[in-house]
$ cat data23.tsv   # TSV, C-alpha atoms and all ligand atoms
chain	number	residue	atom	x	y	z
A	1	MET	CA	-23.53	56.56	8.22
A	2	THR	CA	-24.56	53.65	6.00
A	3	CYS	CA	-21.67	52.87	3.73
A	4	ILE	CA	-22.19	51.29	0.32
A	5	VAL	CA	-19.66	48.53	-0.20
A	6	MET	CA	-19.00	48.73	-3.93
A	7	ASP	CA	-18.81	45.01	-4.58
A	8	GLY	CA	-16.93	44.75	-7.87
A	9	LYS	CA	-16.82	40.96	-7.69
A	10	ALA	CA	-20.61	40.66	-7.48
A	11	LEU	CA	-21.17	43.22	-10.23
A	12	ALA	CA	-18.55	41.57	-12.47
A	13	ASP	CA	-20.30	38.21	-11.97
A	14	ARG	CA	-23.58	39.76	-13.12
A	15	LEU	CA	-21.87	41.36	-16.10
A	16	PHE	CA	-20.24	38.05	-17.03
A	17	ALA	CA	-23.67	36.35	-17.08
A	18	LYS	CA	-24.95	39.02	-19.47
A	19	LEU	CA	-21.76	38.85	-21.56
A	20	ALA	CA	-22.22	35.05	-21.87
A	21	ASP	CA	-25.73	35.59	-23.29
A	22	ASP	CA	-24.52	38.30	-25.67
A	23	THR	CA	-21.55	36.19	-26.79
A	24	ALA	CA	-23.85	33.23	-27.50
A	25	ALA	CA	-26.14	35.52	-29.53
A	26	LEU	CA	-23.20	36.85	-31.54
A	27	LYS	CA	-21.88	33.36	-32.23
A	28	HIS	CA	-25.34	32.36	-33.39
A	29	ILE	CA	-25.51	35.06	-36.05
A	30	ASN	CA	-21.82	34.69	-36.83
A	31	GLY	CA	-21.83	31.04	-37.85
A	32	ALA	CA	-20.37	29.93	-34.47
A	33	ARG	CA	-17.28	32.07	-34.88
A	34	THR	CA	-15.91	32.73	-31.41
A	35	PRO	CA	-14.67	36.19	-30.40
A	36	ILE	CA	-10.97	35.97	-29.53
A	37	LEU	CA	-8.84	38.12	-27.24
A	38	ALA	CA	-5.13	37.74	-27.90
A	39	THR	CA	-2.98	38.34	-24.83
A	40	ILE	CA	0.72	39.08	-25.06
A	41	LEU	CA	2.89	38.49	-22.03
A	42	VAL	CA	6.53	39.50	-22.34
A	43	GLY	CA	8.97	38.24	-19.70
A	44	ASP	CA	8.41	36.19	-16.59
A	45	ASP	CA	6.87	38.53	-14.02
A	46	PRO	CA	4.65	36.19	-11.95
A	47	ALA	CA	2.03	38.87	-11.15
A	48	SER	CA	1.67	39.73	-14.85
A	49	ALA	CA	1.40	36.02	-15.70
A	50	THR	CA	-1.42	35.69	-13.15
A	51	TYR	CA	-3.29	38.73	-14.53
A	52	VAL	CA	-3.04	37.39	-18.10
A	53	LYS	CA	-4.27	33.97	-16.99
A	54	MET	CA	-7.25	35.56	-15.19
A	55	LYS	CA	-8.15	37.53	-18.33
A	56	GLY	CA	-8.00	34.38	-20.48
A	57	ASN	CA	-10.15	32.49	-17.98
A	58	ALA	CA	-12.71	35.31	-17.98
A	59	CYS	CA	-12.95	35.11	-21.78
A	60	ARG	CA	-13.61	31.37	-21.68
A	61	ARG	CA	-16.14	31.84	-18.89
A	62	VAL	CA	-18.37	33.88	-21.21
A	63	GLY	CA	-17.86	31.63	-24.24
A	64	MET	CA	-15.12	33.65	-25.92
A	65	ASP	CA	-11.63	32.38	-26.52
A	66	SER	CA	-8.22	33.74	-25.74
A	67	ARG	CA	-4.95	33.19	-27.51
A	68	ALA	CA	-2.04	33.44	-25.11
A	69	ILE	CA	1.23	34.62	-26.63
A	70	VAL	CA	4.24	34.43	-24.34
A	71	MET	CA	7.52	36.08	-25.34
A	72	GLY	CA	10.89	35.89	-23.60
A	73	ALA	CA	12.30	38.51	-21.24
A	74	ASP	CA	14.95	39.39	-23.88
A	75	THR	CA	12.34	40.23	-26.57
A	76	THR	CA	13.19	43.36	-28.56
A	77	THR	CA	10.85	46.17	-29.53
A	78	GLU	CA	11.03	45.06	-33.17
A	79	GLN	CA	10.09	41.48	-32.31
A	80	LEU	CA	7.13	42.64	-30.27
A	81	LEU	CA	6.02	45.01	-33.05
A	82	GLU	CA	6.14	42.09	-35.51
A	83	GLN	CA	3.94	40.02	-33.21
A	84	ILE	CA	1.44	42.87	-32.86
A	85	ASP	CA	1.41	43.34	-36.65
A	86	ALA	CA	0.58	39.64	-37.08
A	87	LEU	CA	-2.33	39.89	-34.62
A	88	ASN	CA	-3.58	43.10	-36.23
A	89	ALA	CA	-3.71	41.27	-39.57
A	90	ASP	CA	-5.35	38.12	-38.20
A	91	PRO	CA	-9.11	38.22	-38.91
A	92	ASP	CA	-9.78	35.68	-36.14
A	93	VAL	CA	-8.49	38.06	-33.46
A	94	HIS	CA	-10.91	40.71	-32.22
A	95	GLY	CA	-8.99	42.24	-29.32
A	96	ILE	CA	-5.32	42.56	-28.33
A	97	LEU	CA	-4.04	42.94	-24.79
A	98	LEU	CA	-0.36	43.74	-24.26
A	99	GLN	CA	0.22	43.16	-20.56
A	100	HIS	CA	1.88	46.12	-18.81
A	101	PRO	CA	4.68	46.43	-17.81
A	102	VAL	CA	7.00	45.06	-20.49
A	103	PRO	CA	10.75	44.58	-19.85
A	104	PRO	CA	12.73	47.83	-19.79
A	105	GLN	CA	14.53	47.38	-23.14
A	106	ILE	CA	11.16	47.56	-24.94
A	107	ASP	CA	9.61	50.82	-26.11
A	108	GLU	CA	6.22	50.18	-24.55
A	109	ARG	CA	4.52	53.30	-25.96
A	110	ARG	CA	5.57	52.38	-29.51
A	111	CYS	CA	4.22	48.86	-29.03
A	112	PHE	CA	0.94	50.02	-27.49
A	113	ASP	CA	0.47	52.43	-30.38
A	114	ARG	CA	1.01	49.66	-32.94
A	115	ILE	CA	-2.21	47.95	-31.81
A	116	ALA	CA	-4.97	48.54	-34.39
A	117	ILE	CA	-7.54	50.96	-33.00
A	118	THR	CA	-10.35	48.49	-33.75
A	119	LYS	CA	-8.59	45.86	-31.59
A	120	ASP	CA	-7.45	48.20	-28.78
A	121	VAL	CA	-9.88	46.71	-26.26
A	122	ASP	CA	-7.63	47.66	-23.32
A	123	GLY	CA	-7.66	51.32	-24.36
A	124	VAL	CA	-3.89	51.75	-24.43
A	125	THR	CA	-3.21	53.46	-27.77
A	126	SER	CA	-2.59	57.21	-27.97
A	127	LEU	CA	-5.41	57.48	-30.48
A	128	GLY	CA	-7.86	55.57	-28.28
A	129	PHE	CA	-6.82	57.68	-25.29
A	130	GLY	CA	-7.34	60.88	-27.25
A	131	MET	CA	-10.75	59.77	-28.49
A	132	MET	CA	-11.79	58.85	-24.95
A	133	ALA	CA	-10.50	62.21	-23.67
A	134	LEU	CA	-12.56	64.04	-26.28
A	135	GLY	CA	-15.65	62.03	-25.38
A	136	GLN	CA	-15.76	60.19	-28.70
A	137	PRO	CA	-16.82	56.52	-28.92
A	138	SER	CA	-13.75	54.50	-27.95
A	139	PHE	CA	-12.56	51.68	-25.75
A	140	GLY	CA	-11.49	53.26	-22.48
A	141	SER	CA	-8.56	52.01	-20.48
A	142	ALA	CA	-9.99	48.93	-18.76
A	143	THR	CA	-9.39	49.77	-15.08
A	144	PRO	CA	-10.87	53.29	-15.09
A	145	ALA	CA	-13.65	52.11	-17.42
A	146	GLY	CA	-14.45	49.40	-14.87
A	147	ILE	CA	-14.42	51.96	-12.06
A	148	MET	CA	-16.84	54.22	-13.95
A	149	ALA	CA	-19.15	51.21	-14.48
A	150	LEU	CA	-18.99	50.48	-10.75
A	151	LEU	CA	-19.86	54.10	-9.84
A	152	ARG	CA	-22.76	54.07	-12.31
A	153	HIS	CA	-24.06	50.77	-10.97
A	154	TYR	CA	-24.18	52.13	-7.42
A	155	GLU	CA	-25.81	55.33	-8.73
A	156	ILE	CA	-23.02	57.51	-7.45
A	157	ASP	CA	-23.51	60.83	-9.16
A	158	VAL	CA	-20.11	62.32	-9.86
A	159	ALA	CA	-21.38	65.49	-11.59
A	160	GLY	CA	-20.28	68.59	-9.72
A	161	LYS	CA	-18.31	66.58	-7.13
A	162	ARG	CA	-14.69	67.21	-6.25
A	163	ALA	CA	-12.73	64.16	-7.41
A	164	VAL	CA	-9.11	63.62	-6.43
A	165	VAL	CA	-7.09	60.98	-8.29
A	166	VAL	CA	-3.73	60.05	-6.77
A	167	GLY	CA	-1.47	58.71	-9.52
A	168	ARG	CA	-1.30	59.69	-13.19
A	169	SER	CA	-0.11	56.63	-15.08
A	170	PRO	CA	-1.25	56.42	-18.73
A	171	ILE	CA	-3.28	53.25	-18.05
A	172	LEU	CA	-4.93	54.26	-14.81
A	173	GLY	CA	-4.70	57.67	-13.13
A	174	LYS	CA	-4.67	59.88	-16.21
A	175	PRO	CA	-7.60	58.23	-18.05
A	176	MET	CA	-9.44	58.02	-14.72
A	177	ALA	CA	-9.17	61.79	-14.28
A	178	LEU	CA	-10.44	62.39	-17.82
A	179	MET	CA	-13.36	59.99	-17.47
A	180	LEU	CA	-14.40	61.69	-14.23
A	181	SER	CA	-14.05	65.09	-15.89
A	182	ASN	CA	-16.15	63.89	-18.84
A	183	ALA	CA	-18.76	62.85	-16.27
A	184	ASN	CA	-18.66	66.46	-14.99
A	185	ALA	CA	-16.68	65.99	-11.79
A	186	THR	CA	-14.20	68.72	-10.86
A	187	VAL	CA	-10.94	66.81	-10.92
A	188	THR	CA	-7.56	67.18	-9.25
A	189	LEU	CA	-4.88	64.82	-10.57
A	190	CYS	CA	-2.09	64.25	-8.02
A	191	HIS	CA	1.34	62.73	-8.57
A	192	SER	CA	4.77	62.41	-7.03
A	193	LYS	CA	5.50	66.15	-7.37
A	194	THR	CA	2.24	67.25	-5.73
A	195	VAL	CA	3.29	69.61	-2.95
A	196	ASP	CA	0.69	68.98	-0.23
A	197	LEU	CA	-1.00	65.69	-1.01
A	198	GLU	CA	-2.81	65.54	2.32
A	199	ALA	CA	-4.50	68.90	1.66
A	200	GLU	CA	-5.58	67.75	-1.80
A	201	VAL	CA	-6.95	64.42	-0.55
A	202	ARG	CA	-8.87	66.18	2.22
A	203	THR	CA	-10.91	68.06	-0.42
A	204	ALA	CA	-12.12	64.85	-2.12
A	205	ASP	CA	-15.80	63.98	-2.38
A	206	ILE	CA	-14.55	61.14	-4.56
A	207	LEU	CA	-11.06	59.76	-3.94
A	208	VAL	CA	-9.29	57.34	-6.28
A	209	GLY	CA	-6.10	55.68	-5.07
A	210	ALA	CA	-3.95	54.79	-8.10
A	211	VAL	CA	-0.46	55.24	-6.73
A	212	GLY	CA	0.86	51.69	-6.38
A	213	LYS	CA	2.10	51.92	-2.77
A	214	PRO	CA	0.53	49.81	-0.04
A	215	HIS	CA	-1.69	51.84	2.32
A	216	PHE	CA	0.06	55.00	1.13
A	217	ILE	CA	-2.97	57.23	1.77
A	218	PRO	CA	-3.81	57.29	5.50
A	219	ALA	CA	-7.46	56.87	6.46
A	220	GLN	CA	-7.33	60.13	8.47
A	221	TRP	CA	-6.86	62.13	5.23
A	222	VAL	CA	-10.24	60.94	3.90
A	223	ARG	CA	-13.17	63.19	4.73
A	224	ASP	CA	-16.38	61.86	6.24
A	225	GLY	CA	-18.97	60.99	3.61
A	226	ALA	CA	-16.44	60.56	0.79
A	227	VAL	CA	-16.66	57.96	-1.96
A	228	VAL	CA	-13.44	55.94	-1.84
A	229	VAL	CA	-12.17	53.91	-4.79
A	230	ASP	CA	-8.99	51.95	-4.24
A	231	ALA	CA	-7.41	50.76	-7.50
A	232	GLY	CA	-4.20	49.65	-5.82
A	233	TYR	CA	-3.46	46.00	-5.35
A	234	HIS	CA	-0.55	44.56	-3.41
A	235	PRO	CA	0.30	41.08	-2.09
A	236	GLY	CA	-1.90	40.10	0.80
A	237	GLY	CA	-4.88	42.01	-0.59
A	238	ILE	CA	-3.65	45.46	0.43
A	239	GLY	CA	-4.73	48.55	-1.46
A	240	ASP	CA	-3.28	52.05	-1.79
A	241	ILE	CA	-5.62	53.52	0.84
A	242	ASP	CA	-5.61	52.47	4.49
A	243	PRO	CA	-9.27	51.45	5.00
A	244	THR	CA	-9.20	51.60	8.81
A	245	GLY	CA	-12.55	53.05	9.92
A	246	LEU	CA	-13.57	54.12	6.39
A	247	PHE	CA	-16.50	51.70	6.14
A	248	ALA	CA	-18.02	53.38	9.22
A	249	ARG	CA	-17.85	56.97	8.02
A	250	CYS	CA	-17.71	57.05	4.21
A	251	ALA	CA	-20.58	57.08	1.71
A	252	ALA	CA	-19.14	54.28	-0.42
A	253	VAL	CA	-15.92	52.26	-0.45
A	254	THR	CA	-14.46	49.60	-2.76
A	255	PRO	CA	-13.14	46.55	-0.91
A	256	VAL	CA	-9.63	45.26	-1.66
A	257	PRO	CA	-9.69	42.63	-3.02
A	258	GLY	CA	-13.05	42.31	-4.76
A	259	GLY	CA	-13.58	45.93	-5.79
A	260	VAL	CA	-11.72	47.36	-8.76
A	261	GLY	CA	-9.83	44.23	-9.90
A	262	PRO	CA	-12.82	42.16	-11.10
A	263	MET	CA	-14.29	45.24	-12.80
A	264	THR	CA	-11.08	45.70	-14.81
A	265	ILE	CA	-11.45	42.21	-16.25
A	266	ALA	CA	-15.17	42.66	-16.88
A	267	ALA	CA	-14.48	45.91	-18.78
A	268	LEU	CA	-11.82	44.19	-20.89
A	269	VAL	CA	-14.05	41.25	-21.80
A	270	SER	CA	-16.99	43.55	-22.48
A	271	GLN	CA	-14.90	45.70	-24.82
A	272	THR	CA	-13.65	42.59	-26.63
A	273	LEU	CA	-17.24	41.55	-27.27
A	274	THR	CA	-18.04	45.04	-28.53
A	275	ALA	CA	-15.06	44.83	-30.91
A	276	ALA	CA	-16.32	41.48	-32.21
A	277	GLN	CA	-19.86	42.84	-32.60
A	278	ALA	CA	-18.52	45.85	-34.49
A	279	ARG	CA	-16.70	43.58	-36.94
A	280	GLY	CA	-20.04	42.30	-38.22
A	281	PRO	CA	-20.95	38.79	-39.37
A	282	HIS	CA	-18.53	36.53	-41.25
A	283	ARG	CA	-15.70	39.05	-41.39
B	1	LIG	P1	2.47	53.47	-11.88
B	1	LIG	O1	2.57	53.41	-13.35
B	1	LIG	O2	3.64	53.09	-11.05
B	1	LIG	O3	2.03	54.96	-11.48
B	1	LIG	C1	2.02	55.38	-10.15
B	1	LIG	C2	1.60	56.82	-10.07
B	1	LIG	O4	1.65	57.20	-8.69
B	1	LIG	C3	2.51	57.80	-10.84
B	1	LIG	O5	1.74	58.71	-11.57
B	1	LIG	C4	3.29	58.49	-9.74
B	1	LIG	O6	3.57	59.86	-9.99
B	1	LIG	C5	2.32	58.44	-8.58
B	1	LIG	N1	3.06	58.53	-7.32
B	1	LIG	C6	4.17	57.86	-6.94
B	1	LIG	N2	4.59	58.28	-5.74
B	1	LIG	C7	3.73	59.25	-5.35
B	1	LIG	C8	3.65	60.09	-4.22
B	1	LIG	N3	4.55	60.02	-3.23
B	1	LIG	N4	2.63	60.97	-4.13
B	1	LIG	C9	1.70	61.07	-5.13
B	1	LIG	N5	1.74	60.29	-6.25
B	1	LIG	C10	2.75	59.41	-6.36
B	1	LIG	O7	1.27	52.57	-11.33
B	1	LIG	P2	-0.06	52.06	-12.08
B	1	LIG	O8	0.29	51.07	-13.13
B	1	LIG	O9	-0.94	53.20	-12.40
B	1	LIG	O10	-0.71	51.24	-10.86
B	1	LIG	C11	-1.09	51.86	-9.65
B	1	LIG	C12	-1.72	50.84	-8.73
B	1	LIG	O11	-2.90	50.33	-9.34
B	1	LIG	C13	-0.85	49.60	-8.47
B	1	LIG	O12	-1.08	49.17	-7.12
B	1	LIG	C14	-1.37	48.57	-9.41
B	1	LIG	O13	-1.20	47.23	-8.93
B	1	LIG	C15	-2.82	48.91	-9.42
B	1	LIG	N6	-3.53	48.49	-10.62
B	1	LIG	C16	-4.62	47.74	-10.44
B	1	LIG	C17	-5.33	47.31	-11.52
B	1	LIG	C18	-6.53	46.49	-11.29
B	1	LIG	O14	-7.05	45.90	-12.21
B	1	LIG	N7	-7.01	46.43	-10.06
B	1	LIG	C19	-4.95	47.67	-12.81
B	1	LIG	C20	-3.85	48.49	-12.98
B	1	LIG	C21	-3.14	48.89	-11.87
B	1	LIG	P3	4.57	60.37	-11.16
B	1	LIG	O15	3.75	60.32	-12.42
B	1	LIG	O16	4.94	61.74	-10.76
B	1	LIG	O17	5.71	59.40	-11.19
$ encode --input "data23.tsv" --output "structure tokens"
Amino acid sequence: MTCIVMDGKALADRLFAKLADDTAALKHINGARTPILATILVGDDPASATYVKMKGNACRRVGMDSRAIVMGADTTTEQLLEQIDALNADPDVHGILLQHPVPPQIDERRCFDRIAITKDVDGVTSLGFGMMALGQPSFGSATPAGIMALLRHYEIDVAGKRAVVVGRSPILGKPMALMLSNANATVTLCHSKTVDLEAEVRTADILVGAVGKPHFIPAQWVRDGAVVVDAGYHPGGIGDIDPTGLFARCAAVTPVPGGVGPMTIAALVSQTLTAAQARGPHR
């Protein structure tokens, strides 16, 4: 079987080129005002710091700017809410990214929900999630939005297919399941209390690994001809799904690294540009 390697890095590079053109066009009509993504990093988790840096670099690559806000590991919920309020009120800021996870003393849901809906370019607010779930115009959570863009690019028709998503976090598995359902897949959403995960995975025409455990899903569970999307990322470039032999017998597979990760960043930057475009000129 010829397997499509869903090259997220190559697609993201193409999207970045288009985003650079669109950003230049917006700046032209906007009196050179540059779209800005504000990133908030709380604490000193090195992986989170790397992700935030990559997102800032991606903004600059397309001619946008990013404003990096770094807060200490002992930040309180109230202090973070104050920071978000300031960014909501700042007319120069078009998008706000609060890097997940925040330290445990912080009420992350409350902070996500404080982000103004017009600046929720990472799709983390309850309102944005609800609008996405109902199929209304909204910024989707960046990783599943990037995955849907990847599936569309490779003309993988999800309508009528059995999709199995393993993992139901608010930023990844849950919105992924809803986006696939909105695209008319028949979706099973698995989690840590799923009784027979192997049996569920074996039914998948489209499998999404979003569990956060290295090579947790064995290759033998994946049926021949399936479309395999691995959103997991672990040190050493290991995903959530063991890829052994999958490229020989599956219809399409995302590589790790170079599959879902770059598409997450492309979706975030794209949604920031959309937020800036929606603001209109000189506002
Ligand atoms: P998370 O918040 O830890 O959620 C993990 C999910 O997996 C939970 O829903 C959990 O179920 C489920 N789970 C745990 N053990 C399980 C088991 N034994 N069987 C079935 N399900 C199980 O993780 P996350 O933030 O969604 O991230 C998941 C992975 O995606 C990580 O590897 C992360 O690095 C990666 N990620 C990548 C990107 C990217 O841009 N590439 C972005 C975000 C995340 P319960 O709900 O029952 O606890």
$ residues_near_ligand --input "data23.tsv" --ligand "ligand LIG 1 (chain B)" --cutoff "6 Å" --atoms "only C-alpha atoms and all ligand atoms" --output "PyMOL selection string"
chain A and resi 143+166-169+172-173+190-193+210-212+231-234+260-261+264
$ atom_distance --input "data23.tsv" --atom1 "atom CA of Pro35 of chain A" --atom2 "atom CA of Leu98 of chain A"
17.3 Å
$ atom_distance --input "data23.tsv" --atom1 "atom CA of Asn30 of chain A" --atom2 "atom CA of Thr274 of chain A"
13.8 Å
$ residues_around --input "data23.tsv" --residues "segment 68-80 of chain A" --least-positions-apart "2" --cutoff "8 Å" --atoms "all atoms listed in the file" --output "number ranges by chain"
A: 38-44, 56, 66, 82-84, 103, 105-108, 111
$ atom_distance --input "data23.tsv" --atom1 "atom CA of Gln277 of chain A" --atom2 "atom CA of Ile115 of chain A"
18.4 Å
$ closest_residue --input "data23.tsv" --among "A:Gly236, A:Gly225, A:Gly130, A:Pro104" --to "Ala252 of chain A" --atoms "all atoms listed in the file"
A:Gly225
$ residues_around --input "data23.tsv" --residues "Val222 of chain A" --least-positions-apart "2" --cutoff "6 Å" --atoms "all atoms listed in the file" --output "list in words"
Arg202, Ala219 and Gln220 of chain A
$ closest_residue --input "data23.tsv" --among "A:Ala199, A:Val208, A:Asn57, A:Thr272" --to "Val93 of chain A" --atoms "all atoms listed in the file"
A:Thr272
$ residues_around --input "data23.tsv" --residues "Lys55 of chain A" --least-positions-apart "5" --cutoff "9 Å" --atoms "all atoms listed in the file" --output "compact mmCIF listing (two decimals) with C-alpha atoms, in the coordinates of the input"
# COMPACT_ATOMS: atom_id res chain seq x y z
CA LEU A 37 -8.84 38.12 -27.24
CA THR A 39 -2.98 38.34 -24.83
CA THR A 50 -1.42 35.69 -13.15
CA ARG A 60 -13.61 31.37 -21.68
CA SER A 66 -8.22 33.74 -25.74
CA ILE A 265 -11.45 42.21 -16.25
CA ALA A 266 -15.17 42.66 -16.88
CA LEU A 268 -11.82 44.19 -20.89
CA VAL A 269 -14.05 41.25 -21.80
$ decode --input "data23.tsv" --residues "segment 45-72 of chain A" --atoms "N, CA and C atoms" --output "CSV table (one decimal), in the first residue's frame"
chain,number,residue,atom,x,y,z
A,45,ASP,N,9.1,25.8,33.2
A,45,ASP,CA,9.2,24.5,32.5
A,45,ASP,C,9.9,24.7,31.2
A,46,PRO,N,11.0,24.0,31.0
A,46,PRO,CA,11.9,24.2,29.8
A,46,PRO,C,11.1,23.9,28.5
A,47,ALA,N,10.3,22.8,28.5
A,47,ALA,CA,9.6,22.5,27.3
A,47,ALA,C,8.6,23.6,26.9
A,48,SER,N,7.9,24.1,27.9
A,48,SER,CA,6.9,25.2,27.7
A,48,SER,C,7.7,26.5,27.1
A,49,ALA,N,8.9,26.7,27.7
A,49,ALA,CA,9.7,27.9,27.3
A,49,ALA,C,10.0,27.7,25.8
A,50,THR,N,10.4,26.5,25.4
A,50,THR,CA,10.8,26.2,24.0
A,50,THR,C,9.6,26.4,23.1
A,51,TYR,N,8.4,25.9,23.5
A,51,TYR,CA,7.2,26.1,22.7
A,51,TYR,C,6.9,27.5,22.5
A,52,VAL,N,6.9,28.3,23.6
A,52,VAL,CA,6.6,29.8,23.5
A,52,VAL,C,7.6,30.5,22.5
A,53,LYS,N,8.9,30.1,22.7
A,53,LYS,CA,9.9,30.7,21.8
A,53,LYS,C,9.6,30.4,20.3
A,54,MET,N,9.2,29.1,20.1
A,54,MET,CA,9.0,28.7,18.7
A,54,MET,C,7.8,29.5,18.1
A,55,LYS,N,6.8,29.8,19.0
A,55,LYS,CA,5.6,30.5,18.5
A,55,LYS,C,6.0,31.9,18.2
A,56,GLY,N,6.8,32.5,19.1
A,56,GLY,CA,7.3,33.9,18.8
A,56,GLY,C,8.1,34.0,17.5
A,57,ASN,N,9.0,33.0,17.3
A,57,ASN,CA,9.8,33.0,16.1
A,57,ASN,C,8.9,32.9,14.9
A,58,ALA,N,7.9,32.1,15.0
A,58,ALA,CA,7.0,31.9,13.8
A,58,ALA,C,6.3,33.2,13.5
A,59,CYS,N,5.9,33.9,14.5
A,59,CYS,CA,5.2,35.2,14.2
A,59,CYS,C,6.2,36.2,13.5
A,60,ARG,N,7.4,36.2,14.0
A,60,ARG,CA,8.4,37.1,13.3
A,60,ARG,C,8.7,36.7,11.9
A,61,ARG,N,8.7,35.4,11.7
A,61,ARG,CA,9.0,34.8,10.3
A,61,ARG,C,8.0,35.3,9.3
A,62,VAL,N,6.7,35.6,9.7
A,62,VAL,CA,5.7,36.0,8.7
A,62,VAL,C,5.5,37.5,8.8
A,63,GLY,N,6.4,38.2,9.6
A,63,GLY,CA,6.2,39.7,9.6
A,63,GLY,C,5.3,40.2,10.7
A,64,MET,N,4.9,39.3,11.6
A,64,MET,CA,4.1,39.8,12.7
A,64,MET,C,5.1,40.0,13.9
A,65,ASP,N,4.6,40.4,15.0
A,65,ASP,CA,5.4,40.5,16.2
A,65,ASP,C,4.9,39.7,17.3
A,66,SER,N,5.7,39.4,18.3
A,66,SER,CA,5.2,38.7,19.5
A,66,SER,C,5.7,39.5,20.7
A,67,ARG,N,4.9,39.5,21.7
A,67,ARG,CA,5.3,40.1,23.0
A,67,ARG,C,5.3,39.0,24.0
A,68,ALA,N,6.5,38.8,24.5
A,68,ALA,CA,6.7,37.6,25.4
A,68,ALA,C,6.6,38.1,26.9
A,69,ILE,N,5.6,37.6,27.6
A,69,ILE,CA,5.4,37.9,29.0
A,69,ILE,C,5.8,36.7,29.8
A,70,VAL,N,6.8,36.8,30.7
A,70,VAL,CA,7.2,35.7,31.5
A,70,VAL,C,6.9,36.0,33.0
A,71,MET,N,6.2,35.1,33.6
A,71,MET,CA,5.8,35.3,35.0
A,71,MET,C,6.4,34.2,35.9
A,72,GLY,N,6.7,34.5,37.1
A,72,GLY,CA,7.3,33.5,38.0
A,72,GLY,C,6.5,32.3,38.4
